[in-house]
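> Next comes protein_7.cif, mmCIF, C-alpha atoms:
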```cif
data_input
#
loop_
_atom_site.label_atom_id
_atom_site.label_comp_id
_atom_site.auth_asym_id
_atom_site.auth_seq_id
_atom_site.Cartn_x
_atom_site.Cartn_y
_atom_site.Cartn_z
CA MET A 1 -12.40 -22.02 14.98
CA GLU A 2 -15.82 -21.11 13.62
CA ASP A 3 -16.27 -19.94 10.05
CA PRO A 4 -16.42 -16.15 9.73
CA THR A 5 -19.81 -14.52 9.30
CA LEU A 6 -20.73 -11.25 7.60
CA GLU A 7 -20.90 -8.44 10.16
CA ARG A 8 -21.93 -5.55 7.92
CA SER A 9 -21.73 -4.48 4.30
CA PHE A 10 -21.36 -0.91 3.08
CA ARG A 11 -22.74 0.47 -0.18
CA GLY A 12 -22.16 3.91 -1.66
CA HIS A 13 -19.37 3.89 -4.22
CA LYS A 14 -20.32 4.21 -7.89
CA ASP A 15 -17.41 2.15 -9.23
CA THR A 16 -14.92 -0.56 -8.25
CA VAL A 17 -13.59 -0.42 -4.68
CA SER A 18 -9.80 -0.42 -5.01
CA SER A 19 -8.61 -0.26 -1.41
CA VAL A 20 -9.87 -0.61 2.17
CA VAL A 21 -8.18 0.12 5.51
CA PHE A 22 -9.26 0.18 9.15
CA ASN A 23 -9.04 3.29 11.26
CA SER A 24 -6.84 2.26 14.20
CA ASN A 25 -9.68 3.10 16.60
CA MET A 26 -11.46 0.04 15.13
CA LYS A 27 -14.68 2.04 14.89
CA GLN A 28 -14.44 2.88 11.20
CA VAL A 29 -13.37 1.41 7.88
CA ILE A 30 -12.21 3.61 5.01
CA SER A 31 -12.52 2.73 1.33
CA GLY A 32 -11.20 4.19 -1.90
CA SER A 33 -12.76 3.70 -5.30
CA LEU A 34 -12.24 4.13 -9.02
CA ASP A 35 -15.06 6.68 -8.79
CA GLY A 36 -12.46 9.06 -7.34
CA SER A 37 -13.97 9.23 -3.87
CA ILE A 38 -13.01 8.04 -0.39
CA MET A 39 -15.72 6.87 2.01
CA LEU A 40 -15.44 6.64 5.79
CA TRP A 41 -17.90 4.09 7.19
CA ASN A 42 -18.88 3.97 10.87
CA PHE A 43 -19.50 0.57 12.45
CA ARG A 44 -22.44 1.98 14.42
CA PRO A 45 -25.43 1.87 12.03
CA GLN A 46 -26.92 5.10 13.39
CA LEU A 47 -23.86 7.10 12.30
CA ARG A 48 -23.84 8.09 8.65
CA ALA A 49 -20.94 7.59 6.27
CA TYR A 50 -18.69 10.46 5.19
CA LYS A 51 -17.61 10.97 1.58
CA PHE A 52 -14.31 12.70 0.90
CA ALA A 53 -13.86 14.36 -2.48
CA GLY A 54 -10.63 15.85 -3.77
CA HIS A 55 -9.02 13.50 -6.25
CA LYS A 56 -9.84 14.16 -9.89
CA ASP A 57 -9.53 10.53 -10.96
CA ALA A 58 -9.56 6.97 -9.60
CA VAL A 59 -8.22 6.30 -6.09
CA CYS A 60 -5.76 3.40 -6.36
CA SER A 61 -4.37 2.98 -2.85
CA LEU A 62 -4.96 3.92 0.80
CA ASP A 63 -2.93 3.62 3.99
CA PHE A 64 -3.67 4.73 7.55
CA SER A 65 -1.04 5.85 10.06
CA PRO A 66 -2.04 5.11 13.66
CA ASP A 67 0.83 7.29 14.91
CA THR A 68 -0.30 10.48 13.18
CA GLY A 69 -3.99 9.71 12.61
CA LEU A 70 -3.58 10.58 8.94
CA LEU A 71 -4.91 8.78 5.90
CA ALA A 72 -2.87 8.74 2.69
CA SER A 73 -4.37 8.17 -0.75
CA GLY A 74 -2.75 7.71 -4.16
CA SER A 75 -4.60 8.38 -7.37
CA LYS A 76 -4.62 8.11 -11.13
CA ASP A 77 -4.62 11.93 -11.09
CA ARG A 78 -0.88 11.61 -10.20
CA THR A 79 -1.26 13.10 -6.74
CA VAL A 80 -1.09 11.92 -3.15
CA ARG A 81 -3.47 13.37 -0.56
CA LEU A 82 -3.12 13.36 3.20
CA TRP A 83 -6.48 13.41 4.99
CA LEU A 84 -7.73 13.93 8.51
CA PRO A 85 -10.45 11.22 8.68
CA THR A 86 -13.02 13.45 10.39
CA VAL A 87 -16.40 14.80 9.38
CA GLU A 88 -14.76 17.81 7.68
CA GLY A 89 -12.64 15.61 5.43
CA LYS A 90 -9.81 18.12 5.17
CA SER A 91 -6.85 17.15 3.02
CA SER A 92 -3.62 18.50 1.63
CA VAL A 93 -2.32 17.53 -1.77
CA ILE A 94 1.17 16.39 -2.69
CA LYS A 95 1.98 16.65 -6.38
CA ALA A 96 3.92 13.45 -6.32
CA HIS A 97 4.58 11.80 -9.66
CA SER A 98 4.24 12.14 -13.43
CA GLY A 99 2.14 8.96 -13.58
CA THR A 100 -0.60 7.14 -11.69
CA VAL A 101 0.26 6.62 -8.00
CA ARG A 102 -0.32 2.88 -7.49
CA SER A 103 0.81 2.50 -3.87
CA VAL A 104 1.09 4.60 -0.70
CA LYS A 105 2.63 3.27 2.53
CA PHE A 106 3.53 4.96 5.81
CA SER A 107 6.62 4.03 7.78
CA GLN A 108 5.85 2.34 11.09
CA ASP A 109 6.49 5.54 13.05
CA GLY A 110 4.28 7.54 10.67
CA LYS A 111 7.03 10.04 9.89
CA PHE A 112 7.58 9.09 6.26
CA LEU A 113 5.47 8.07 3.28
CA LEU A 114 6.53 5.79 0.44
CA THR A 115 4.82 6.16 -2.95
CA ALA A 116 5.10 4.03 -6.10
CA SER A 117 4.02 5.10 -9.56
CA ASP A 118 3.59 4.36 -13.25
CA ASP A 119 6.42 6.85 -13.82
CA LYS A 120 8.75 3.94 -12.89
CA THR A 121 9.89 5.54 -9.62
CA VAL A 122 9.46 5.17 -5.88
CA LYS A 123 9.52 8.35 -3.79
CA ILE A 124 9.89 9.09 -0.08
CA TRP A 125 8.17 12.05 1.61
CA SER A 126 8.36 13.63 5.05
CA VAL A 127 4.85 13.56 6.51
CA LYS A 128 5.27 16.40 9.03
CA ASN A 129 6.18 19.09 6.51
CA GLN A 130 4.99 17.17 3.43
CA LYS A 131 8.33 17.63 1.74
CA PHE A 132 9.99 15.44 -0.85
CA GLN A 133 12.96 13.45 0.48
CA CYS A 134 14.33 11.34 -2.37
CA THR A 135 13.57 9.35 -5.52
CA LEU A 136 14.42 5.67 -5.86
CA SER A 137 15.02 5.03 -9.56
CA GLY A 138 15.80 1.73 -11.26
CA HIS A 139 12.61 0.07 -12.40
CA SER A 140 12.09 -0.03 -16.16
CA ASN A 141 8.29 -0.22 -16.05
CA TRP A 142 5.33 0.67 -13.81
CA VAL A 143 5.93 0.23 -10.08
CA ARG A 144 2.83 -1.28 -8.51
CA SER A 145 3.82 -1.78 -4.88
CA ALA A 146 6.36 -0.55 -2.33
CA GLU A 147 6.78 -0.89 1.43
CA PHE A 148 9.19 0.05 4.23
CA SER A 149 11.02 -2.64 6.18
CA PRO A 150 10.01 -3.02 9.86
CA ASP A 151 13.15 -1.17 11.00
CA GLN A 152 12.66 1.50 8.30
CA ARG A 153 16.22 1.15 6.98
CA LEU A 154 15.12 -0.52 3.76
CA ALA A 155 12.29 -0.45 1.26
CA VAL A 156 11.10 -3.08 -1.21
CA SER A 157 9.31 -2.47 -4.51
CA GLY A 158 7.97 -4.50 -7.41
CA GLY A 159 6.38 -3.81 -10.76
CA ASP A 160 5.70 -4.67 -14.35
CA ASP A 161 9.39 -5.12 -15.17
CA LYS A 162 9.18 -8.44 -13.24
CA VAL A 163 11.85 -7.26 -10.78
CA VAL A 164 11.78 -7.02 -6.99
CA ARG A 165 14.12 -4.29 -5.79
CA VAL A 166 15.42 -3.68 -2.26
CA TRP A 167 16.57 -0.15 -1.46
CA ASP A 168 18.87 1.33 1.16
CA ILE A 169 16.87 4.39 2.20
CA GLN A 170 19.71 6.40 3.73
CA ALA A 171 21.88 5.92 0.66
CA SER A 172 18.89 6.24 -1.73
CA LYS A 173 20.11 3.36 -3.86
CA CYS A 174 19.15 -0.15 -4.85
CA ILE A 175 21.19 -2.77 -3.02
CA GLN A 176 19.52 -5.98 -4.22
CA THR A 177 17.45 -7.13 -7.19
CA TYR A 178 15.53 -10.31 -7.77
CA ASP A 179 14.42 -11.06 -11.34
CA ASN A 180 11.05 -12.74 -11.05
CA SER A 181 10.43 -15.49 -13.59
CA ALA A 182 6.83 -15.86 -12.38
CA GLY A 183 5.52 -12.74 -14.08
CA MET A 184 4.98 -9.09 -13.28
CA VAL A 185 5.11 -8.17 -9.59
CA ASN A 186 1.75 -6.83 -8.43
CA CYS A 187 2.43 -6.62 -4.69
CA VAL A 188 5.32 -6.89 -2.22
CA THR A 189 5.59 -7.03 1.56
CA PHE A 190 8.26 -7.51 4.21
CA MET A 191 8.04 -10.40 6.63
CA PRO A 192 7.93 -9.15 10.26
CA ASN A 193 11.54 -10.13 10.98
CA GLY A 194 12.73 -8.03 8.03
CA THR A 195 14.94 -10.77 6.56
CA CYS A 196 12.54 -11.90 3.83
CA VAL A 197 10.10 -10.33 1.40
CA ALA A 198 7.07 -11.86 -0.28
CA ALA A 199 5.94 -11.00 -3.79
CA GLY A 200 2.64 -11.72 -5.55
CA THR A 201 2.74 -12.01 -9.33
CA SER A 202 0.61 -11.83 -12.45
CA GLU A 203 1.24 -15.54 -13.04
CA ASN A 204 -0.76 -16.62 -9.95
CA ALA A 205 2.35 -17.21 -7.82
CA ILE A 206 3.53 -16.05 -4.40
CA GLN A 207 7.27 -16.08 -3.84
CA VAL A 208 9.24 -15.59 -0.63
CA ILE A 209 12.78 -14.26 -1.09
CA ASP A 210 15.51 -14.40 1.57
CA LEU A 211 17.37 -11.08 1.49
CA ARG A 212 20.39 -12.57 3.24
CA THR A 213 21.08 -14.89 0.32
CA ASN A 214 19.03 -13.12 -2.39
CA SER A 215 17.43 -16.46 -3.17
CA LEU A 216 13.94 -17.87 -3.57
CA ILE A 217 13.05 -20.00 -0.54
CA GLN A 218 9.32 -20.58 -1.03
CA HIS A 219 7.03 -20.68 -4.07
CA TYR A 220 3.26 -21.05 -3.81
CA VAL A 221 0.78 -21.61 -6.64
CA GLY A 222 -2.85 -22.08 -5.69
CA HIS A 223 -4.85 -19.17 -7.04
CA ARG A 224 -6.35 -19.34 -10.52
CA GLY A 225 -5.65 -15.69 -11.30
CA ALA A 226 -3.12 -12.94 -10.73
CA ILE A 227 -2.25 -12.11 -7.12
CA ASN A 228 -3.37 -8.56 -6.33
CA SER A 229 -2.54 -8.27 -2.62
CA ILE A 230 -0.58 -10.04 0.09
CA THR A 231 -0.09 -9.33 3.78
CA CYS A 232 1.80 -11.11 6.51
CA HIS A 233 0.53 -12.08 9.95
CA PRO A 234 2.48 -10.34 12.76
CA SER A 235 3.79 -13.73 13.91
CA GLY A 236 5.43 -14.29 10.54
CA ASN A 237 3.84 -17.73 10.30
CA PHE A 238 1.06 -16.91 7.85
CA LEU A 239 0.57 -15.08 4.56
CA LEU A 240 -2.83 -13.88 3.36
CA SER A 241 -3.34 -13.39 -0.37
CA THR A 242 -6.14 -12.27 -2.69
CA SER A 243 -6.54 -12.88 -6.39
#
```
Kindly transcribe the structure held in the file into C-alpha cells.

Amino acid sequence: MEDPTLERSFRGHKDTVSSVVFNSNMKQVISGSLDGSIMLWNFRPQLRAYKFAGHKDAVCSLDFSPDTGLLASGSKDRTVRLWLPTVEGKSSVIKAHSGTVRSVKFSQDGKFLLTASDDKTVKIWSVKNQKFQCTLSGHSNWVRSAEFSPDQRLAVSGGDDKVVRVWDIQASKCIQTYDNSAGMVNCVTFMPNGTCVAAGTSENAIQVIDLRTNSLIQHYVGHRGAINSITCHPSGNFLLSTS
C-alpha cells in the first residue's frame, strides 16, 4: 500500500476546526469551527465553498445522515441545528440542553439523533418532527461523547466523570457502567458487532470493553497526549485514533 498523499486542502475558517464529515455523495466535505460557522467544501475546484451561519458560538460537533440527507451540528450556544447541506443553507434549531452540546450522532436509519452535553445529560430526539424523546441521566460531569449501537437498541456515553455508561434506549435507563481508571472519557464508539465499545481517554489510553462481561479486554497506550477521537473500521479489525 502506498503512503497517502494530500489531495486538497481547504482554507476559510477563522478559528480552530472542531469537526469534519463527508457528505455521503462523496463530492463534498463539511467542517465546523470554533468561529461558529459551518463550511461546505466542494471537491471540484471550480465550485465555491458555502458558509452556513446560524450558531451564536463555537460549533463543537457535526454528523451527517445519509438516509435523510441532513447535517446535525452541536454548539457551545447550547443548541442543535439540523441543516440541508445545499446552497441555501437552511436550518432549523433545536433548543437542546442547558450546557454546551459536545456531541451529535444520528442513528443508522437517520430517524433519531443523540446529543451529549456539559449539562451532564444525553438526550434523544426524533428527526422527522424534531421532537424531544427522552433524557438519559446519570453522569456526574460533562458528557463529551455518545453514540447509538448498530442495532439502535443501546447507546453508549462517556465524559469527565471517568465513567462509560451503556443505556437501554427503550427503557431510558442505564444498564451498565464502567469506571475508567485511565482518565476522563473524551470519546466512545461501538464496535460493528455491537458487543464491545471503545473509549479514548485524557490519559492517552484507548480501552475496549466487552459489554457481555462488563470487563476491559484491550488497553492501548501509544499516543503522547489525550485521545480526542476514535472510530472503528467496518470490519471490526481496526481502530483509528487521533490525539
> I'd like the interatomic distance between atom CA of A:Val197 and atom CA of A:Val29, to a tenth of an Å.
27.0 Å
> Name the residues in contact with A:Gly158 at a cut-off of 8 Å, using only C-alpha atoms, excluding same-chain residues fewer than 3 positions from it; report them as a PyMOL selection string.
chain A and resi 143-146+161-165+185-188+199
> Scan for residues within 10 Å of the point (2.5, -20.2, -3.0) in the coordinates of the file, using all atoms listed in the file, and reply as a PDB file with C-alpha atoms, in the frame of the given file.

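Once written, point_33.pdb looks like this:
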```
ATOM      1  CA  ALA A 198       7.070 -11.860  -0.280  1.00  0.00           C
ATOM      2  CA  ALA A 199       5.940 -11.000  -3.790  1.00  0.00           C
ATOM      3  CA  GLY A 200       2.640 -11.720  -5.550  1.00  0.00           C
ATOM      4  CA  ASN A 204      -0.760 -16.620  -9.950  1.00  0.00           C
ATOM      5  CA  ALA A 205       2.350 -17.210  -7.820  1.00  0.00           C
ATOM      6  CA  ILE A 206       3.530 -16.050  -4.400  1.00  0.00           C
ATOM      7  CA  GLN A 207       7.270 -16.080  -3.840  1.00  0.00           C
ATOM      8  CA  VAL A 208       9.240 -15.590  -0.630  1.00  0.00           C
ATOM      9  CA  GLN A 218       9.320 -20.580  -1.030  1.00  0.00           C
ATOM     10  CA  HIS A 219       7.030 -20.680  -4.070  1.00  0.00           C
ATOM     11  CA  TYR A 220       3.260 -21.050  -3.810  1.00  0.00           C
ATOM     12  CA  VAL A 221       0.780 -21.610  -6.640  1.00  0.00           C
ATOM     13  CA  GLY A 222      -2.850 -22.080  -5.690  1.00  0.00           C
ATOM     14  CA  HIS A 223      -4.850 -19.170  -7.040  1.00  0.00           C
ATOM     15  CA  LEU A 239       0.570 -15.080   4.560  1.00  0.00           C
ATOM     16  CA  SER A 241      -3.340 -13.390  -0.370  1.00  0.00           C
TER      17      SER A 241
END
```
> Which is closest to A:Asp179 among A:Gly159, A:Pro66, A:Pro45, A:Pro150, if we use all atoms listed in the file?
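Counting all atoms listed in the file, the residue closest to A:Asp179 is A:Gly159.
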> As a check of understanding, name the residues that the PyMOL selection byres ((chain A and resi 60) around 7) selects in the supplied structure, as a list in words.
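Selection result, ordered by chain and number: Ser18, Ser19, Ala58, Val59, Ser61, Gly74, Ser75, Lys76 and Arg102 of chain A.
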> How far is it from atom CA of A:Trp125 to atom CA of A:Ser33, in Å with one decimal?
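We find that atom CA of A:Trp125 and atom CA of A:Ser33 lie 23.6 Å from each other.
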> Which value, in Å to one decimal, gives the distance between atom CA of A:Ala116 and atom CA of A:His97?
8.6 Å
